[in-house]
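Below is the file model32.cif, which contains mmCIF, C-alpha atoms and all ligand atoms.
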```cif
data_structure
#
loop_
_atom_site.group_PDB
_atom_site.id
_atom_site.type_symbol
_atom_site.label_atom_id
_atom_site.label_comp_id
_atom_site.auth_asym_id
_atom_site.auth_seq_id
_atom_site.Cartn_x
_atom_site.Cartn_y
_atom_site.Cartn_z
ATOM 1 C CA MET L 1 0.000 0.000 0.000
ATOM 2 C CA LYS L 2 1.843 3.012 -1.350
ATOM 3 C CA LEU L 3 0.205 5.527 1.000
ATOM 4 C CA LEU L 4 1.391 3.544 4.003
ATOM 5 C CA GLN L 5 4.926 3.067 2.660
ATOM 6 C CA ASP L 6 5.254 6.810 2.128
ATOM 7 C CA ARG L 7 4.172 7.512 5.699
ATOM 8 C CA ILE L 8 6.576 4.934 7.096
ATOM 9 C CA GLN L 9 9.432 6.463 5.067
ATOM 10 C CA LYS L 10 8.513 9.949 6.168
ATOM 11 C CA GLN L 11 7.594 9.485 9.814
ATOM 12 C CA GLY L 12 8.717 6.031 10.956
ATOM 13 C CA LYS L 13 11.574 5.875 13.443
ATOM 14 C CA ILE L 14 13.794 2.912 14.156
ATOM 15 C CA LEU L 15 14.280 2.014 17.809
ATOM 16 C CA LYS L 16 16.581 -0.519 19.450
ATOM 17 C CA GLY L 17 15.826 -4.158 18.622
ATOM 18 C CA ASN L 18 14.596 -3.320 15.139
ATOM 19 C CA VAL L 19 11.358 -1.890 16.444
ATOM 20 C CA LEU L 20 9.728 0.458 13.971
ATOM 21 C CA LYS L 21 7.998 3.305 15.738
ATOM 22 C CA VAL L 22 4.917 4.541 13.931
ATOM 23 C CA ASP L 23 3.447 6.558 16.795
ATOM 24 C CA MET L 24 2.833 9.579 14.594
ATOM 25 C CA PHE L 25 0.069 7.942 12.590
ATOM 26 C CA LEU L 26 -0.778 4.446 13.830
ATOM 27 C CA ASN L 27 0.195 3.533 17.384
ATOM 28 C CA HIS L 28 -0.311 6.636 19.489
ATOM 29 C CA GLN L 29 -1.599 9.513 17.409
ATOM 30 C CA ILE L 30 -3.850 7.976 14.770
ATOM 31 C CA ASP L 31 -4.307 9.397 11.295
ATOM 32 C CA THR L 32 -7.968 8.533 10.904
ATOM 33 C CA LYS L 33 -8.015 9.105 7.150
ATOM 34 C CA LEU L 34 -5.125 6.703 6.680
ATOM 35 C CA LEU L 35 -6.842 4.286 9.046
ATOM 36 C CA ASP L 36 -9.953 4.400 6.902
ATOM 37 C CA GLU L 37 -7.859 3.547 3.820
ATOM 38 C CA ILE L 38 -6.327 0.654 5.756
ATOM 39 C CA GLY L 39 -9.806 -0.624 6.617
ATOM 40 C CA LYS L 40 -10.862 -0.353 2.980
ATOM 41 C CA GLU L 41 -7.780 -2.265 1.821
ATOM 42 C CA PHE L 42 -8.384 -5.112 4.268
ATOM 43 C CA TYR L 43 -11.951 -5.284 3.025
ATOM 44 C CA LYS L 44 -10.725 -5.689 -0.571
ATOM 45 C CA LEU L 45 -8.335 -8.450 0.500
ATOM 46 C CA PHE L 46 -10.759 -10.476 2.616
ATOM 47 C CA LYS L 47 -14.279 -9.698 1.401
ATOM 48 C CA ASP L 48 -14.588 -13.035 -0.377
ATOM 49 C CA LYS L 49 -13.905 -14.876 2.887
ATOM 50 C CA LYS L 50 -17.041 -13.349 4.420
ATOM 51 C CA PRO L 51 -15.919 -13.008 8.036
ATOM 52 C CA ASN L 52 -18.647 -12.309 10.576
ATOM 53 C CA LYS L 53 -16.266 -11.108 13.286
ATOM 54 C CA ILE L 54 -12.843 -9.505 13.649
ATOM 55 C CA LEU L 55 -10.420 -10.550 16.374
ATOM 56 C CA THR L 56 -7.435 -8.469 17.427
ATOM 57 C CA ILE L 57 -5.268 -7.803 20.471
ATOM 58 C CA GLU L 58 -5.125 -4.738 22.694
ATOM 59 C CA SER L 59 -4.160 -2.084 22.327
ATOM 60 C CA SER L 60 -2.838 -1.117 18.899
ATOM 61 C CA GLY L 61 -4.975 -3.577 16.975
ATOM 62 C CA ILE L 62 -8.286 -2.164 18.191
ATOM 63 C CA ALA L 63 -8.533 1.016 16.120
ATOM 64 C CA ILE L 64 -7.406 -0.843 12.998
ATOM 65 C CA ALA L 65 -9.945 -3.611 13.522
ATOM 66 C CA VAL L 66 -12.760 -1.099 14.018
ATOM 67 C CA ALA L 67 -11.789 0.800 10.850
ATOM 68 C CA CYS L 68 -11.879 -2.505 9.027
ATOM 69 C CA ALA L 69 -15.215 -3.638 10.520
ATOM 70 C CA ARG L 70 -17.019 -0.624 9.023
ATOM 71 C CA TYR L 71 -16.293 -1.969 5.544
ATOM 72 C CA PHE L 72 -17.615 -5.402 6.465
ATOM 73 C CA ASP L 73 -20.974 -3.832 7.239
ATOM 74 C CA PHE L 74 -20.126 -3.159 10.888
ATOM 75 C CA ILE L 75 -19.371 -6.697 12.035
ATOM 76 C CA PRO L 76 -18.316 -6.959 15.715
ATOM 77 C CA VAL L 77 -14.715 -6.547 16.816
ATOM 78 C CA VAL L 78 -13.440 -8.649 19.701
ATOM 79 C CA PHE L 79 -10.067 -7.871 21.221
ATOM 80 C CA ALA L 80 -7.962 -10.146 23.347
ATOM 81 C CA LYS L 81 -7.147 -8.581 26.704
ATOM 82 C CA LYS L 82 -3.625 -8.661 28.045
ATOM 83 C CA PHE L 83 -4.523 -7.764 31.607
ATOM 84 C CA THR L 84 -7.066 -9.419 33.866
ATOM 85 C CA ALA L 85 -9.745 -7.032 35.063
ATOM 86 C CA THR L 86 -12.401 -7.617 37.707
ATOM 87 C CA ASN L 87 -15.110 -7.131 35.097
ATOM 88 C CA LEU L 88 -13.672 -9.772 32.760
ATOM 89 C CA SER L 89 -15.673 -12.993 32.803
ATOM 90 C CA LYS L 90 -13.956 -15.939 34.496
ATOM 91 C CA ASP L 91 -15.004 -18.126 31.594
ATOM 92 C CA VAL L 92 -12.306 -17.288 29.082
ATOM 93 C CA TYR L 93 -10.158 -18.713 26.330
ATOM 94 C CA SER L 94 -6.546 -17.900 27.099
ATOM 95 C CA SER L 95 -3.203 -18.237 25.402
ATOM 96 C CA LEU L 96 0.347 -17.271 26.285
ATOM 97 C CA GLU L 97 1.923 -14.523 24.176
ATOM 98 C CA HIS L 98 5.464 -13.237 24.330
ATOM 99 C CA SER L 99 5.359 -9.534 23.509
ATOM 100 C CA TYR L 100 8.031 -8.478 21.047
ATOM 101 C CA THR L 101 8.079 -4.811 22.011
ATOM 102 C CA LYS L 102 7.701 -5.264 25.782
ATOM 103 C CA ASN L 103 9.807 -8.415 26.025
ATOM 104 C CA ASP L 104 7.338 -9.840 28.505
ATOM 105 C CA ASP L 105 4.839 -12.711 28.606
ATOM 106 C CA TYR L 106 1.106 -12.114 28.666
ATOM 107 C CA ASN L 107 -1.708 -14.532 29.182
ATOM 108 C CA ILE L 108 -4.121 -13.063 26.651
ATOM 109 C CA GLN L 109 -7.795 -13.692 27.259
ATOM 110 C CA VAL L 110 -11.099 -13.585 25.389
ATOM 111 C CA SER L 111 -14.423 -14.173 27.093
ATOM 112 C CA LYS L 112 -16.181 -17.313 25.849
ATOM 113 C CA GLU L 113 -19.295 -15.182 25.355
ATOM 114 C CA TYR L 114 -17.784 -13.505 22.316
ATOM 115 C CA LEU L 115 -16.314 -16.293 20.206
ATOM 116 C CA ASN L 116 -17.795 -19.649 19.267
ATOM 117 C CA GLU L 117 -18.120 -22.368 16.620
ATOM 118 C CA ASN L 118 -20.490 -20.248 14.504
ATOM 119 C CA ASP L 119 -17.870 -17.570 13.942
ATOM 120 C CA ASN L 120 -15.744 -17.057 10.860
ATOM 121 C CA VAL L 121 -13.011 -14.822 12.180
ATOM 122 C CA LEU L 122 -10.720 -12.347 10.475
ATOM 123 C CA ILE L 123 -7.656 -11.786 12.656
ATOM 124 C CA ILE L 124 -6.127 -8.319 12.367
ATOM 125 C CA ASP L 125 -3.013 -6.791 13.934
ATOM 126 C CA ASP L 126 -0.711 -3.827 13.380
ATOM 127 C CA PHE L 127 2.613 -5.708 13.041
ATOM 128 C CA LEU L 128 3.770 -9.204 12.271
ATOM 129 C CA ALA L 129 7.293 -9.846 13.597
ATOM 130 C CA ASN L 130 7.895 -13.288 15.118
ATOM 131 C CA GLY L 131 4.251 -14.261 14.958
ATOM 132 C CA GLU L 132 3.674 -14.588 18.701
ATOM 133 C CA ALA L 133 0.581 -12.389 18.881
ATOM 134 C CA MET L 134 -0.927 -13.899 15.726
ATOM 135 C CA SER L 135 -0.258 -17.480 16.903
ATOM 136 C CA SER L 136 -1.955 -16.765 20.225
ATOM 137 C CA LEU L 137 -4.992 -15.292 18.462
ATOM 138 C CA ILE L 138 -5.159 -18.359 16.223
ATOM 139 C CA ASP L 139 -4.922 -20.544 19.309
ATOM 140 C CA ILE L 140 -7.865 -18.683 20.872
ATOM 141 C CA CYS L 141 -9.967 -19.227 17.708
ATOM 142 C CA LYS L 142 -9.102 -22.928 17.788
ATOM 143 C CA GLN L 143 -10.207 -23.195 21.424
ATOM 144 C CA ALA L 144 -13.498 -21.561 20.426
ATOM 145 C CA ASN L 145 -13.841 -23.910 17.419
ATOM 146 C CA SER L 146 -14.220 -20.809 15.258
ATOM 147 C CA GLN L 147 -13.255 -20.806 11.592
ATOM 148 C CA ILE L 148 -10.387 -18.534 10.606
ATOM 149 C CA ALA L 149 -11.212 -16.462 7.524
ATOM 150 C CA GLY L 150 -7.674 -15.104 7.310
ATOM 151 C CA CYS L 151 -4.994 -13.039 9.015
ATOM 152 C CA GLY L 152 -4.359 -9.411 8.059
ATOM 153 C CA VAL L 153 -1.473 -7.263 9.212
ATOM 154 C CA VAL L 154 -0.703 -3.651 8.471
ATOM 155 C CA ILE L 155 3.095 -3.992 8.578
ATOM 156 C CA CYS L 156 4.875 -7.296 8.090
ATOM 157 C CA LYS L 157 8.618 -7.409 8.824
ATOM 158 C CA THR L 158 9.521 -10.232 6.465
ATOM 159 C CA TYR L 159 13.071 -10.523 7.821
ATOM 160 C CA GLN L 160 11.539 -12.007 10.977
ATOM 161 C CA ASN L 161 9.917 -15.423 10.922
ATOM 162 C CA GLY L 162 6.296 -14.578 11.791
ATOM 163 C CA GLU L 163 4.893 -14.664 8.278
ATOM 164 C CA ASN L 164 6.356 -18.100 7.527
ATOM 165 C CA ARG L 165 5.300 -19.382 10.917
ATOM 166 C CA ILE L 166 1.644 -18.464 10.300
ATOM 167 C CA LYS L 167 1.690 -19.678 6.696
ATOM 168 C CA ASP L 168 3.194 -22.970 7.870
ATOM 169 C CA LEU L 169 0.216 -23.366 10.174
ATOM 170 C CA GLY L 170 -1.897 -23.225 7.006
ATOM 171 C CA TYR L 171 -3.406 -19.757 7.295
ATOM 172 C CA ASP L 172 -3.851 -17.059 4.711
ATOM 173 C CA VAL L 173 -1.703 -14.087 5.806
ATOM 174 C CA LYS L 174 -2.019 -10.816 3.943
ATOM 175 C CA SER L 175 -0.094 -7.648 4.754
ATOM 176 C CA LEU L 176 -0.529 -4.096 3.519
ATOM 177 C CA THR L 177 3.197 -3.317 3.700
ATOM 178 C CA ARG L 178 6.150 -5.643 3.736
ATOM 179 C CA ILE L 179 9.521 -4.564 5.070
ATOM 180 C CA ARG L 180 12.414 -6.796 4.049
ATOM 181 C CA LYS L 181 15.260 -4.877 5.640
ATOM 182 C CA ILE L 182 16.115 -2.056 7.999
ATOM 183 C CA ASP L 183 19.825 -1.241 7.826
ATOM 184 C CA GLU L 184 22.140 0.192 10.513
ATOM 185 C CA LYS L 185 21.440 3.716 9.301
ATOM 186 C CA GLY L 186 17.702 3.195 9.635
ATOM 187 C CA ASN L 187 16.996 2.944 5.911
ATOM 188 C CA ILE L 188 13.905 0.913 5.242
ATOM 189 C CA GLU L 189 13.578 -1.423 2.265
ATOM 190 C CA PHE L 190 10.128 -2.537 1.205
ATOM 191 C CA ASP L 191 9.237 -5.660 -0.759
HETATM 192 P P1 LIG L 201 5.049 -10.699 17.037
HETATM 193 O O1 LIG L 201 4.075 -11.190 18.060
HETATM 194 O O2 LIG L 201 4.664 -11.059 15.637
HETATM 195 O O3 LIG L 201 6.461 -11.033 17.366
HETATM 196 O O4 LIG L 201 4.992 -9.116 17.105
HETATM 197 C C1 LIG L 201 3.794 -8.467 16.767
HETATM 198 C C2 LIG L 201 3.277 -7.676 17.934
HETATM 199 O O5 LIG L 201 4.354 -6.944 18.530
HETATM 200 C C3 LIG L 201 2.288 -6.664 17.429
HETATM 201 O O6 LIG L 201 1.096 -6.822 18.184
HETATM 202 C C4 LIG L 201 2.935 -5.311 17.638
HETATM 203 O O7 LIG L 201 2.156 -4.539 18.510
HETATM 204 C C5 LIG L 201 4.286 -5.580 18.252
HETATM 205 N N1 LIG L 201 5.405 -5.259 17.319
HETATM 206 C C6 LIG L 201 6.258 -6.130 16.737
HETATM 207 N N2 LIG L 201 7.190 -5.499 16.020
HETATM 208 C C7 LIG L 201 6.900 -4.184 16.126
HETATM 209 C C8 LIG L 201 7.529 -3.006 15.592
HETATM 210 O O8 LIG L 201 8.538 -3.027 14.870
HETATM 211 N N3 LIG L 201 6.949 -1.816 15.927
HETATM 212 C C9 LIG L 201 5.842 -1.734 16.720
HETATM 213 N N4 LIG L 201 5.367 -0.512 16.974
HETATM 214 N N5 LIG L 201 5.249 -2.833 17.246
HETATM 215 C C10 LIG L 201 5.765 -4.041 16.942
#
```
Translate this structure into structure tokens?
Amino acid sequence: MKLLQDRIQKQGKILKGNVLKVDMFLNHQIDTKLLDEIGKEFYKLFKDKKPNKILTIESSGIAIAVACARYFDFIPVVFAKKFTATNLSKDVYSSLEHSYTKNDDYNIQVSKEYLNENDNVLIIDDFLANGEAMSSLIDICKQANSQIAGCGVVICKTYQNGENRIKDLGYDVKSLTRIRKIDEKGNIEFD
């Protein structure tokens, strides 16, 4: 997606550990027009799969998933929670996720009320790096006996193994931007 590549080139910053910071338009301040284009693009990629629900993970995935849901005629968005809250049902699907950016483990949780065997789920996230978050979301869908319509990511870092890991599990992964290299000077190469 050219629009997204241009923004990454212009405003993306490279942090330690090959983390691409896109706070200016995606992860902290959100460019809502760009987000709408992202939603539209995911719709084009997955409309034939006819998902009835979108699953993502807090927090950065939420806005993206909602932008996407509009195009699928306002289907519900469910997000996996990383932190247990008193108001979260005790009856949950849970899966362990190692967070790439926080270098910490989370037991992500989704209430059983919101995912079941009648669902055909589109999984959406902002980044695909080592595939931890995506694998945990897939695991949650499996526990719920939901179908997986596909996996969509805004930015896939193809020099990490996440994309292959998810494809090897047999799922359709589509990304809006693919980064094959970030060099020592912070230059970004797209596929
Ligand atoms: P994975 O689980 O695939 O290793 O990493 C994906 C998750 O980590 C995403 O949910 C995303 O929030 C975060 N992440 C991974 N790499 C990056 C990155 O380069 N920049 C940002 N901002 N987040 C990342």
Handout entry: Explicit residue set for the PyMOL selection byres (((chain L and resi 130) around 10) and not hetatm), as a PyMOL selection string
Key = chain L and resi 98-100+127-129+131-135+156-166
Practice task
For the file shown, report as a list in words the outcome of the PyMOL selection byres (((chain L and resi 126) around 6) and not hetatm) at residue level.
Solution key: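 Those residues are Gly61, Asp125, Phe127, Val153 and Val154 of chain L.
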Problem - Surrounding residues of Ser60 in chain L excluding itself and chain neighbours under 2 positions, 12 Å, all atoms listed in the file, as a VMD selection string - result: chain L and resid 22 to 23 25 to 30 35 56 to 58 62 to 66 79 to 82 101 124 to 127 133 153 to 154
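If you apply the PyMOL selection byres (((chain L and resi 181) around 10) and not hetatm) to this structure, you end up with Asn18, Lys157, Thr158, Tyr159, Gln160, Arg178, Ile179, Arg180, Ile182, Asp183, Glu184, Gly186, Asn187, Ile188, Glu189, Phe190 and Asp191 of chain L.
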Exercise for the section: Within 9 Å of Leu176 in chain L, counting only C-alpha atoms, which residues show up once you throw out same-chain ones fewer than 6 positions away? Write them as number ranges by chain, please. Expected result: L: 1-2, 4, 38, 41-42, 152-156
Using only C-alpha atoms, please write the residues we just selected to a file, as a PDB file, in the frame of the given file.
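The resulting again_30.pdb:
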```pdb
ATOM      1  CA  MET L   1       0.000   0.000   0.000  1.00  0.00           C
ATOM      2  CA  LYS L   2       1.843   3.012  -1.350  1.00  0.00           C
ATOM      3  CA  LEU L   4       1.391   3.544   4.003  1.00  0.00           C
ATOM      4  CA  ILE L  38      -6.327   0.654   5.756  1.00  0.00           C
ATOM      5  CA  GLU L  41      -7.780  -2.265   1.821  1.00  0.00           C
ATOM      6  CA  PHE L  42      -8.384  -5.112   4.268  1.00  0.00           C
ATOM      7  CA  GLY L 152      -4.359  -9.411   8.059  1.00  0.00           C
ATOM      8  CA  VAL L 153      -1.473  -7.263   9.212  1.00  0.00           C
ATOM      9  CA  VAL L 154      -0.703  -3.651   8.471  1.00  0.00           C
ATOM     10  CA  ILE L 155       3.095  -3.992   8.578  1.00  0.00           C
ATOM     11  CA  CYS L 156       4.875  -7.296   8.090  1.00  0.00           C
TER      12      CYS L 156
END
```
